[in-house]
Amino acid sequence: MATKSVPVGQLLLDLENPRYGEVHSQAEAMKAIIEHQGQKLVNLAEHIAMNGMNPHDLPLVMSKGKNFIVLEGNRRLAAIRLLERPELAAGTTWHAAFHKLAAEHEAPQTIDCSLMADRDEARPWILLRHAGESGGVGPVPWGVAERERFEPRPGTQAFQGLAFIEAVKGAYPDDAELHANLDKIRDERPSTLGRVLNNADFKKRVGTVTNDGQFIARFSAAALQQLARKIAEDFAHHVSVSTVKSKEQQKSYIDDLPVPNDTEALPGPAPLDSAPVKSSGGKGGGKPKPKPQPKQNRVLRDLDLSNLSARTRDVLAEVRNLDIEKLPNTASIMVRAVLELAVGDYLDQKGINKAKEFKDRVRRALKDVDPTEKDKTWQPIRTGLQDASSLHSVSTLHAFVHHGSYHPTAGDVRNIAANWKPFVQALNDLL
């Protein structure tokens, strides 16, 4: 497709932008973006001011007379407009922030864009940009581990958790079950593990992660093998952030660990993986390597919806029987069905009028679950209501059913079900 350097003055916001629905003027479109994006738009404007436009993600535009409608990239155009004219945000919370940015930086005068013939040509690319991974066709976001590898942040809980995981793998290279558990922690909760590693009592009794990513232990790998296996098993399957959130909880967990006696301590601390523990090898030597634990192929298995309708419970029972690895599309649609039925049941039993849009029904139910609108437990749900591009958004749930180009993976289904399950459980428990 052709690219063109377009003067910012010739670019128009799309009045049919899916982020905010139909509006009738450029002024309405700008107001809608500011209200919808808020601080995110300030952050984007600052990033553009400091770094320029993203060179590998060009806005998509189509011509309209002498001008061009921005079909994809409206947030970026709005951010640039506000760098030029911060008064467009007058009367909002973010006016001062835009005014400060505009005083310190110059806005781009032209933008490189990809030219589309019409909306139909742009549609598959817009869906690809916003419909999640789509089975690997769309952008696959980094997890915590990838981010830390690219940009290590010594001292953070994630950095410490990942460093410990790599050290333990190096210390016990032949323990397949241990490695499987560590891989699960790496993918799902390295920061939770880092909470315990960062505890002063753990550092004093066992060892510490250095800024260069080594785990320096007071004991040899052989002496710490039982402890390493317990930590890996616990954090892979049993321990969550709520289990080790406070210092008291962390101390209680550390006190129960099989820490060796001080008589077994090394003459001086050393990297845990400096003397790896290997299996004896050979025919009949050592224990057979355990098979790595399989991924959980069922979702919502421990969700209790006993206070909701029999229909909702029946659908939930059927969802639990689906193998999401074999039937990811069916499972994704059915997970959405459970969520929508549960929210509807809750509102019906509470005598609350149901809004037409599912996201509005979720928003109303969330008010009962989190009246303060500040509980961090429910931030993922709030994000799903606000950010249409999020994997956990209501728009993604909608795409499961209505977008033919959306191809959810088993991992998508697993993550979305885990994200929404506490919210649905909370609705049941309020009845």
# chains A, B, ... in the order shown; residues from 1 in each chain; ligands from 1
call {"tool": "select_by_dssp", "arguments": {"residues": "region 60-193 of chain A", "states": "strand (DSSP E)", "output": "number ranges by chain"}}
result
A: 60-64, 67-72, 110-115
call {"tool": "write_last_selection", "arguments": {"atoms": "N, CA and C atoms", "output": "PDB file, in the first residue's frame"}}
result
ATOM      1  N   LEU A  60      -3.680   4.814   9.363  1.00  0.00           N
ATOM      2  CA  LEU A  60      -4.362   4.482   8.111  1.00  0.00           C
ATOM      3  C   LEU A  60      -5.326   5.608   7.777  1.00  0.00           C
ATOM      4  N   VAL A  61      -5.258   6.115   6.568  1.00  0.00           N
ATOM      5  CA  VAL A  61      -6.113   7.244   6.189  1.00  0.00           C
ATOM      6  C   VAL A  61      -6.745   6.984   4.831  1.00  0.00           C
ATOM      7  N   MET A  62      -7.890   7.646   4.601  1.00  0.00           N
ATOM      8  CA  MET A  62      -8.486   7.650   3.257  1.00  0.00           C
ATOM      9  C   MET A  62      -8.791   9.097   2.892  1.00  0.00           C
ATOM     10  N   SER A  63      -8.726   9.392   1.614  1.00  0.00           N
ATOM     11  CA  SER A  63      -8.889  10.773   1.188  1.00  0.00           C
ATOM     12  C   SER A  63     -10.337  11.211   1.238  1.00  0.00           C
ATOM     13  N   LYS A  64     -10.521  12.498   1.512  1.00  0.00           N
ATOM     14  CA  LYS A  64     -11.832  13.142   1.466  1.00  0.00           C
ATOM     15  C   LYS A  64     -11.608  14.546   0.935  1.00  0.00           C
ATOM     16  N   ASN A  67      -8.578  16.723   2.056  1.00  0.00           N
ATOM     17  CA  ASN A  67      -8.198  16.245   3.384  1.00  0.00           C
ATOM     18  C   ASN A  67      -8.165  14.714   3.426  1.00  0.00           C
ATOM     19  N   PHE A  68      -7.820  14.187   4.618  1.00  0.00           N
ATOM     20  CA  PHE A  68      -7.734  12.742   4.810  1.00  0.00           C
ATOM     21  C   PHE A  68      -8.373  12.375   6.153  1.00  0.00           C
ATOM     22  N   ILE A  69      -9.275  11.398   6.123  1.00  0.00           N
ATOM     23  CA  ILE A  69      -9.881  10.895   7.358  1.00  0.00           C
ATOM     24  C   ILE A  69      -8.977   9.835   7.957  1.00  0.00           C
ATOM     25  N   VAL A  70      -8.673   9.965   9.226  1.00  0.00           N
ATOM     26  CA  VAL A  70      -7.824   8.988   9.916  1.00  0.00           C
ATOM     27  C   VAL A  70      -8.701   7.833  10.392  1.00  0.00           C
ATOM     28  N   LEU A  71      -8.594   6.698   9.721  1.00  0.00           N
ATOM     29  CA  LEU A  71      -9.383   5.510  10.069  1.00  0.00           C
ATOM     30  C   LEU A  71      -8.767   4.760  11.238  1.00  0.00           C
ATOM     31  N   GLU A  72      -7.462   4.787  11.341  1.00  0.00           N
ATOM     32  CA  GLU A  72      -6.735   4.141  12.440  1.00  0.00           C
ATOM     33  C   GLU A  72      -5.617   5.086  12.873  1.00  0.00           C
ATOM     34  N   THR A 110       3.938  17.153  10.047  1.00  0.00           N
ATOM     35  CA  THR A 110       3.476  16.171   9.066  1.00  0.00           C
ATOM     36  C   THR A 110       3.532  14.789   9.682  1.00  0.00           C
ATOM     37  N   ILE A 111       2.731  13.882   9.142  1.00  0.00           N
ATOM     38  CA  ILE A 111       2.693  12.501   9.634  1.00  0.00           C
ATOM     39  C   ILE A 111       2.741  11.566   8.428  1.00  0.00           C
ATOM     40  N   ASP A 112       3.608  10.579   8.470  1.00  0.00           N
ATOM     41  CA  ASP A 112       3.620   9.544   7.438  1.00  0.00           C
ATOM     42  C   ASP A 112       2.417   8.630   7.652  1.00  0.00           C
ATOM     43  N   CYS A 113       1.627   8.431   6.616  1.00  0.00           N
ATOM     44  CA  CYS A 113       0.406   7.640   6.721  1.00  0.00           C
ATOM     45  C   CYS A 113       0.350   6.594   5.618  1.00  0.00           C
ATOM     46  N   SER A 114      -0.421   5.536   5.858  1.00  0.00           N
ATOM     47  CA  SER A 114      -0.706   4.540   4.826  1.00  0.00           C
ATOM     48  C   SER A 114      -2.059   4.871   4.214  1.00  0.00           C
ATOM     49  N   LEU A 115      -2.086   4.977   2.887  1.00  0.00           N
ATOM     50  CA  LEU A 115      -3.300   5.380   2.186  1.00  0.00           C
ATOM     51  C   LEU A 115      -4.198   4.173   1.902  1.00  0.00           C
TER      52      LEU A 115
END
call {"tool": "residues_around", "arguments": {"residues": "region 393-405 of chain A", "least_positions_apart": "3", "cutoff": "12 Å", "atoms": "only C-alpha atoms", "output": "PDB file with N, CA and C atoms, in the first residue's frame"}}
result
ATOM      1  N   PRO A  18     -14.851   3.596  16.447  1.00  0.00           N
ATOM      2  CA  PRO A  18     -15.498   2.637  17.358  1.00  0.00           C
ATOM      3  C   PRO A  18     -15.240   2.929  18.837  1.00  0.00           C
ATOM      4  N   ARG A  19     -14.216   3.695  19.153  1.00  0.00           N
ATOM      5  CA  ARG A  19     -13.918   3.956  20.564  1.00  0.00           C
ATOM      6  C   ARG A  19     -15.037   4.728  21.250  1.00  0.00           C
ATOM      7  N   ARG A 123     -10.463  -2.131   6.950  1.00  0.00           N
ATOM      8  CA  ARG A 123     -11.108  -2.920   8.003  1.00  0.00           C
ATOM      9  C   ARG A 123     -10.263  -4.088   8.526  1.00  0.00           C
ATOM     10  N   PRO A 124      -9.731  -4.974   7.671  1.00  0.00           N
ATOM     11  CA  PRO A 124      -8.964  -6.108   8.225  1.00  0.00           C
ATOM     12  C   PRO A 124      -7.729  -5.667   8.998  1.00  0.00           C
ATOM     13  N   TRP A 125      -7.123  -4.546   8.587  1.00  0.00           N
ATOM     14  CA  TRP A 125      -5.933  -4.077   9.297  1.00  0.00           C
ATOM     15  C   TRP A 125      -6.302  -3.452  10.643  1.00  0.00           C
ATOM     16  N   ILE A 126      -7.448  -2.795  10.691  1.00  0.00           N
ATOM     17  CA  ILE A 126      -7.901  -2.223  11.965  1.00  0.00           C
ATOM     18  C   ILE A 126      -8.252  -3.339  12.941  1.00  0.00           C
ATOM     19  N   LEU A 127      -8.945  -4.363  12.450  1.00  0.00           N
ATOM     20  CA  LEU A 127      -9.274  -5.506  13.311  1.00  0.00           C
ATOM     21  C   LEU A 127      -8.003  -6.188  13.816  1.00  0.00           C
ATOM     22  N   LEU A 128      -7.034  -6.341  12.928  1.00  0.00           N
ATOM     23  CA  LEU A 128      -5.779  -6.974  13.315  1.00  0.00           C
ATOM     24  C   LEU A 128      -5.092  -6.188  14.421  1.00  0.00           C
ATOM     25  N   ARG A 129      -5.226  -4.866  14.369  1.00  0.00           N
ATOM     26  CA  ARG A 129      -4.586  -3.988  15.354  1.00  0.00           C
ATOM     27  C   ARG A 129      -5.255  -4.054  16.710  1.00  0.00           C
ATOM     28  N   HIS A 130      -6.571  -4.308  16.730  1.00  0.00           N
ATOM     29  CA  HIS A 130      -7.319  -4.142  17.974  1.00  0.00           C
ATOM     30  C   HIS A 130      -8.012  -5.397  18.489  1.00  0.00           C
ATOM     31  N   ALA A 131      -7.989  -6.485  17.742  1.00  0.00           N
ATOM     32  CA  ALA A 131      -8.736  -7.678  18.146  1.00  0.00           C
ATOM     33  C   ALA A 131      -7.870  -8.691  18.878  1.00  0.00           C
ATOM     34  N   GLY A 132      -6.762  -8.242  19.471  1.00  0.00           N
ATOM     35  CA  GLY A 132      -5.924  -9.148  20.250  1.00  0.00           C
ATOM     36  C   GLY A 132      -4.988  -9.977  19.387  1.00  0.00           C
ATOM     37  N   GLU A 133      -4.537 -11.096  19.946  1.00  0.00           N
ATOM     38  CA  GLU A 133      -3.556 -11.923  19.251  1.00  0.00           C
ATOM     39  C   GLU A 133      -4.123 -12.601  18.011  1.00  0.00           C
ATOM     40  N   SER A 134      -5.422 -12.907  18.032  1.00  0.00           N
ATOM     41  CA  SER A 134      -6.069 -13.577  16.889  1.00  0.00           C
ATOM     42  C   SER A 134      -5.277 -14.807  16.443  1.00  0.00           C
ATOM     43  N   GLY A 135      -4.941 -15.631  17.408  1.00  0.00           N
ATOM     44  CA  GLY A 135      -4.233 -16.872  17.081  1.00  0.00           C
ATOM     45  C   GLY A 135      -2.810 -16.676  16.621  1.00  0.00           C
ATOM     46  N   GLY A 136      -2.229 -15.509  16.911  1.00  0.00           N
ATOM     47  CA  GLY A 136      -0.857 -15.234  16.510  1.00  0.00           C
ATOM     48  C   GLY A 136      -0.760 -14.350  15.280  1.00  0.00           C
ATOM     49  N   VAL A 137      -1.905 -14.073  14.629  1.00  0.00           N
ATOM     50  CA  VAL A 137      -1.897 -13.212  13.451  1.00  0.00           C
ATOM     51  C   VAL A 137      -1.703 -11.754  13.865  1.00  0.00           C
ATOM     52  N   GLY A 138      -2.339 -11.376  14.955  1.00  0.00           N
ATOM     53  CA  GLY A 138      -2.217 -10.007  15.461  1.00  0.00           C
ATOM     54  C   GLY A 138      -1.008  -9.848  16.363  1.00  0.00           C
ATOM     55  N   PRO A 328     -11.094 -24.002  21.259  1.00  0.00           N
ATOM     56  CA  PRO A 328     -10.947 -22.632  21.780  1.00  0.00           C
ATOM     57  C   PRO A 328     -12.064 -21.692  21.333  1.00  0.00           C
ATOM     58  N   ASN A 329     -12.560 -21.842  20.104  1.00  0.00           N
ATOM     59  CA  ASN A 329     -13.623 -20.951  19.637  1.00  0.00           C
ATOM     60  C   ASN A 329     -14.919 -21.201  20.384  1.00  0.00           C
ATOM     61  N   THR A 330     -15.292 -22.473  20.514  1.00  0.00           N
ATOM     62  CA  THR A 330     -16.501 -22.817  21.264  1.00  0.00           C
ATOM     63  C   THR A 330     -16.375 -22.361  22.714  1.00  0.00           C
ATOM     64  N   ALA A 331     -15.209 -22.605  23.313  1.00  0.00           N
ATOM     65  CA  ALA A 331     -15.003 -22.235  24.722  1.00  0.00           C
ATOM     66  C   ALA A 331     -15.086 -20.725  24.909  1.00  0.00           C
ATOM     67  N   SER A 332     -14.524 -19.962  23.969  1.00  0.00           N
ATOM     68  CA  SER A 332     -14.551 -18.500  24.112  1.00  0.00           C
ATOM     69  C   SER A 332     -15.984 -17.983  24.078  1.00  0.00           C
ATOM     70  N   ILE A 333     -16.801 -18.516  23.172  1.00  0.00           N
ATOM     71  CA  ILE A 333     -18.204 -18.093  23.077  1.00  0.00           C
ATOM     72  C   ILE A 333     -18.962 -18.484  24.339  1.00  0.00           C
ATOM     73  N   MET A 334     -18.696 -19.671  24.843  1.00  0.00           N
ATOM     74  CA  MET A 334     -19.409 -20.144  26.030  1.00  0.00           C
ATOM     75  C   MET A 334     -18.981 -19.404  27.298  1.00  0.00           C
ATOM     76  N   VAL A 335     -17.710 -19.030  27.383  1.00  0.00           N
ATOM     77  CA  VAL A 335     -17.268 -18.228  28.522  1.00  0.00           C
ATOM     78  C   VAL A 335     -17.999 -16.895  28.522  1.00  0.00           C
ATOM     79  N   ARG A 336     -18.098 -16.272  27.363  1.00  0.00           N
ATOM     80  CA  ARG A 336     -18.862 -15.025  27.271  1.00  0.00           C
ATOM     81  C   ARG A 336     -20.308 -15.261  27.716  1.00  0.00           C
ATOM     82  N   ALA A 337     -20.905 -16.388  27.302  1.00  0.00           N
ATOM     83  CA  ALA A 337     -22.293 -16.682  27.671  1.00  0.00           C
ATOM     84  C   ALA A 337     -22.456 -16.755  29.186  1.00  0.00           C
ATOM     85  N   VAL A 338     -21.515 -17.420  29.845  1.00  0.00           N
ATOM     86  CA  VAL A 338     -21.576 -17.510  31.309  1.00  0.00           C
ATOM     87  C   VAL A 338     -21.516 -16.111  31.929  1.00  0.00           C
ATOM     88  N   LEU A 339     -20.602 -15.287  31.451  1.00  0.00           N
ATOM     89  CA  LEU A 339     -20.454 -13.944  32.007  1.00  0.00           C
ATOM     90  C   LEU A 339     -21.727 -13.124  31.803  1.00  0.00           C
ATOM     91  N   GLU A 340     -22.279 -13.194  30.594  1.00  0.00           N
ATOM     92  CA  GLU A 340     -23.463 -12.382  30.294  1.00  0.00           C
ATOM     93  C   GLU A 340     -24.681 -12.878  31.073  1.00  0.00           C
ATOM     94  N   GLU A 357     -26.674  -2.382  26.388  1.00  0.00           N
ATOM     95  CA  GLU A 357     -25.322  -2.834  26.093  1.00  0.00           C
ATOM     96  C   GLU A 357     -24.763  -3.670  27.251  1.00  0.00           C
ATOM     97  N   PHE A 358     -24.084  -4.756  26.897  1.00  0.00           N
ATOM     98  CA  PHE A 358     -23.505  -5.624  27.926  1.00  0.00           C
ATOM     99  C   PHE A 358     -22.506  -4.867  28.805  1.00  0.00           C
ATOM    100  N   LYS A 359     -21.673  -4.015  28.196  1.00  0.00           N
ATOM    101  CA  LYS A 359     -20.679  -3.293  28.977  1.00  0.00           C
ATOM    102  C   LYS A 359     -21.338  -2.386  30.013  1.00  0.00           C
ATOM    103  N   ASP A 360     -22.521  -1.834  29.685  1.00  0.00           N
ATOM    104  CA  ASP A 360     -23.231  -0.984  30.640  1.00  0.00           C
ATOM    105  C   ASP A 360     -23.827  -1.818  31.767  1.00  0.00           C
ATOM    106  N   ARG A 361     -24.228  -3.050  31.447  1.00  0.00           N
ATOM    107  CA  ARG A 361     -24.731  -3.938  32.505  1.00  0.00           C
ATOM    108  C   ARG A 361     -23.598  -4.330  33.456  1.00  0.00           C
ATOM    109  N   VAL A 362     -22.421  -4.609  32.868  1.00  0.00           N
ATOM    110  CA  VAL A 362     -21.259  -4.927  33.704  1.00  0.00           C
ATOM    111  C   VAL A 362     -20.907  -3.729  34.586  1.00  0.00           C
ATOM    112  N   ARG A 363     -20.912  -2.544  33.989  1.00  0.00           N
ATOM    113  CA  ARG A 363     -20.566  -1.330  34.739  1.00  0.00           C
ATOM    114  C   ARG A 363     -21.527  -1.130  35.927  1.00  0.00           C
ATOM    115  N   GLN A 379      -9.543  -3.605  39.205  1.00  0.00           N
ATOM    116  CA  GLN A 379      -8.968  -2.791  38.143  1.00  0.00           C
ATOM    117  C   GLN A 379      -8.999  -3.490  36.779  1.00  0.00           C
ATOM    118  N   PRO A 380      -8.732  -4.815  36.713  1.00  0.00           N
ATOM    119  CA  PRO A 380      -8.808  -5.480  35.399  1.00  0.00           C
ATOM    120  C   PRO A 380     -10.190  -5.369  34.761  1.00  0.00           C
ATOM    121  N   ILE A 381     -11.248  -5.387  35.583  1.00  0.00           N
ATOM    122  CA  ILE A 381     -12.596  -5.260  35.038  1.00  0.00           C
ATOM    123  C   ILE A 381     -12.824  -3.834  34.547  1.00  0.00           C
ATOM    124  N   ARG A 382     -12.366  -2.855  35.339  1.00  0.00           N
ATOM    125  CA  ARG A 382     -12.503  -1.464  34.896  1.00  0.00           C
ATOM    126  C   ARG A 382     -11.737  -1.234  33.594  1.00  0.00           C
ATOM    127  N   THR A 383     -10.541  -1.836  33.502  1.00  0.00           N
ATOM    128  CA  THR A 383      -9.758  -1.711  32.267  1.00  0.00           C
ATOM    129  C   THR A 383     -10.509  -2.328  31.094  1.00  0.00           C
ATOM    130  N   GLY A 384     -11.151  -3.458  31.323  1.00  0.00           N
ATOM    131  CA  GLY A 384     -11.915  -4.116  30.266  1.00  0.00           C
ATOM    132  C   GLY A 384     -13.091  -3.294  29.789  1.00  0.00           C
ATOM    133  N   LEU A 385     -13.598  -2.398  30.649  1.00  0.00           N
ATOM    134  CA  LEU A 385     -14.700  -1.522  30.262  1.00  0.00           C
ATOM    135  C   LEU A 385     -14.205  -0.295  29.505  1.00  0.00           C
ATOM    136  N   GLN A 386     -12.962   0.108  29.784  1.00  0.00           N
ATOM    137  CA  GLN A 386     -12.457   1.371  29.255  1.00  0.00           C
ATOM    138  C   GLN A 386     -11.595   1.206  28.006  1.00  0.00           C
ATOM    139  N   ASP A 387     -10.837   0.118  27.934  1.00  0.00           N
ATOM    140  CA  ASP A 387      -9.857  -0.050  26.858  1.00  0.00           C
ATOM    141  C   ASP A 387     -10.320  -1.136  25.897  1.00  0.00           C
ATOM    142  N   ALA A 388     -10.851  -0.722  24.754  1.00  0.00           N
ATOM    143  CA  ALA A 388     -11.389  -1.684  23.793  1.00  0.00           C
ATOM    144  C   ALA A 388     -10.322  -2.604  23.228  1.00  0.00           C
ATOM    145  N   SER A 389      -9.044  -2.207  23.313  1.00  0.00           N
ATOM    146  CA  SER A 389      -7.971  -3.022  22.745  1.00  0.00           C
ATOM    147  C   SER A 389      -7.450  -4.062  23.722  1.00  0.00           C
ATOM    148  N   SER A 390      -7.929  -4.030  24.967  1.00  0.00           N
ATOM    149  CA  SER A 390      -7.454  -4.979  25.973  1.00  0.00           C
ATOM    150  C   SER A 390      -7.966  -6.383  25.682  1.00  0.00           C
ATOM    151  N   PRO A 408      -9.566 -16.766  18.813  1.00  0.00           N
ATOM    152  CA  PRO A 408      -8.982 -16.862  20.153  1.00  0.00           C
ATOM    153  C   PRO A 408      -8.181 -18.151  20.330  1.00  0.00           C
ATOM    154  N   THR A 409      -7.097 -18.055  21.064  1.00  0.00           N
ATOM    155  CA  THR A 409      -6.305 -19.231  21.408  1.00  0.00           C
ATOM    156  C   THR A 409      -6.769 -19.786  22.738  1.00  0.00           C
ATOM    157  N   ASP A 412      -5.806 -17.401  25.338  1.00  0.00           N
ATOM    158  CA  ASP A 412      -6.728 -16.274  25.464  1.00  0.00           C
ATOM    159  C   ASP A 412      -7.904 -16.648  26.360  1.00  0.00           C
ATOM    160  N   VAL A 413      -8.501 -17.805  26.083  1.00  0.00           N
ATOM    161  CA  VAL A 413      -9.667 -18.249  26.852  1.00  0.00           C
ATOM    162  C   VAL A 413      -9.293 -18.439  28.316  1.00  0.00           C
ATOM    163  N   ASN A 415      -6.836 -17.046  30.036  1.00  0.00           N
ATOM    164  CA  ASN A 415      -6.549 -15.773  30.700  1.00  0.00           C
ATOM    165  C   ASN A 415      -7.810 -14.958  30.946  1.00  0.00           C
ATOM    166  N   ILE A 416      -8.695 -14.916  29.957  1.00  0.00           N
ATOM    167  CA  ILE A 416      -9.921 -14.140  30.110  1.00  0.00           C
ATOM    168  C   ILE A 416     -10.819 -14.748  31.185  1.00  0.00           C
ATOM    169  N   ALA A 417     -10.945 -16.065  31.189  1.00  0.00           N
ATOM    170  CA  ALA A 417     -11.765 -16.718  32.208  1.00  0.00           C
ATOM    171  C   ALA A 417     -11.211 -16.440  33.607  1.00  0.00           C
ATOM    172  N   ASN A 419      -9.446 -13.876  34.510  1.00  0.00           N
ATOM    173  CA  ASN A 419      -9.592 -12.457  34.826  1.00  0.00           C
ATOM    174  C   ASN A 419     -11.004 -12.119  35.301  1.00  0.00           C
ATOM    175  N   TRP A 420     -12.021 -12.700  34.649  1.00  0.00           N
ATOM    176  CA  TRP A 420     -13.409 -12.361  34.958  1.00  0.00           C
ATOM    177  C   TRP A 420     -14.008 -13.213  36.084  1.00  0.00           C
TER     178      TRP A 420
END
call {"tool": "atom_distance", "arguments": {"atom1": "CA of Asp118 (chain A)", "atom2": "CA of His36 (chain A)"}}
result
26.0 Å
call {"tool": "residues_around", "arguments": {"residues": "region 22-27 of chain A", "least_positions_apart": "2", "cutoff": "12 Å", "atoms": "only C-alpha atoms", "output": "list in words"}}
result
Leu11, Leu12, Leu13, Asp14, Leu15, Glu16, Asn17, Pro18, Arg19, Tyr20, Ala29, Met30, Lys31, Ala32, Ile33, Ile34, Ile69, Val70, Asn74, Leu77, Ala78, Arg81, Leu88 and Ala89 of chain A
call {"tool": "write_last_selection", "arguments": {"atoms": "C-alpha atoms", "output": "short mmCIF file (atom, residue, chain, number, x, y, z; two decimals), in the first residue's frame"}}
result
data_model
loop_
_atom_site.label_atom_id
_atom_site.label_comp_id
_atom_site.auth_asym_id
_atom_site.auth_seq_id
_atom_site.Cartn_x
_atom_site.Cartn_y
_atom_site.Cartn_z
CA LEU A 11 -5.97 15.16 8.78
CA LEU A 12 -9.49 14.70 10.16
CA LEU A 13 -10.63 12.63 13.12
CA ASP A 14 -12.95 9.80 12.15
CA LEU A 15 -16.53 10.63 13.13
CA GLU A 16 -17.28 6.87 13.14
CA ASN A 17 -14.47 5.85 15.49
CA PRO A 18 -15.50 2.64 17.36
CA ARG A 19 -13.92 3.96 20.56
CA TYR A 20 -16.71 6.44 21.17
CA ALA A 29 -14.79 13.81 18.23
CA MET A 30 -11.96 15.59 20.04
CA LYS A 31 -14.05 15.99 23.20
CA ALA A 32 -15.01 12.30 23.11
CA ILE A 33 -11.38 11.17 22.78
CA ILE A 34 -10.23 13.43 25.64
CA ILE A 69 -9.88 10.89 7.36
CA VAL A 70 -7.82 8.99 9.92
CA ASN A 74 -7.20 8.86 16.03
CA LEU A 77 -3.88 12.67 15.88
CA ALA A 78 -5.75 13.96 18.94
CA ARG A 81 -3.66 18.43 18.00
CA LEU A 88 -8.88 22.14 23.14
CA ALA A 89 -8.73 20.44 26.55
#
call {"tool": "residues_around", "arguments": {"residues": "Gly194 (chain A)", "least_positions_apart": "6", "cutoff": "10 Å", "atoms": "only C-alpha atoms", "output": "list in words"}}
result
Gly155, Thr156, Gln157, Ala158, Phe159, Gln160, Gly161, Leu162, Ala163, Phe164 and Val209 of chain A
call {"tool": "atom_distance", "arguments": {"atom1": "CA of Pro276 (chain A)", "atom2": "CA of Tyr172 (chain A)"}}
result
5.8 Å
call {"tool": "select_by_dssp", "arguments": {"residues": "region 169-325 of chain A", "states": "alpha helix (DSSP H)", "output": "PyMOL selection string"}}
result
chain A and resi 169-171+176-188+190-197+200-205+225-237+247-255+310-320
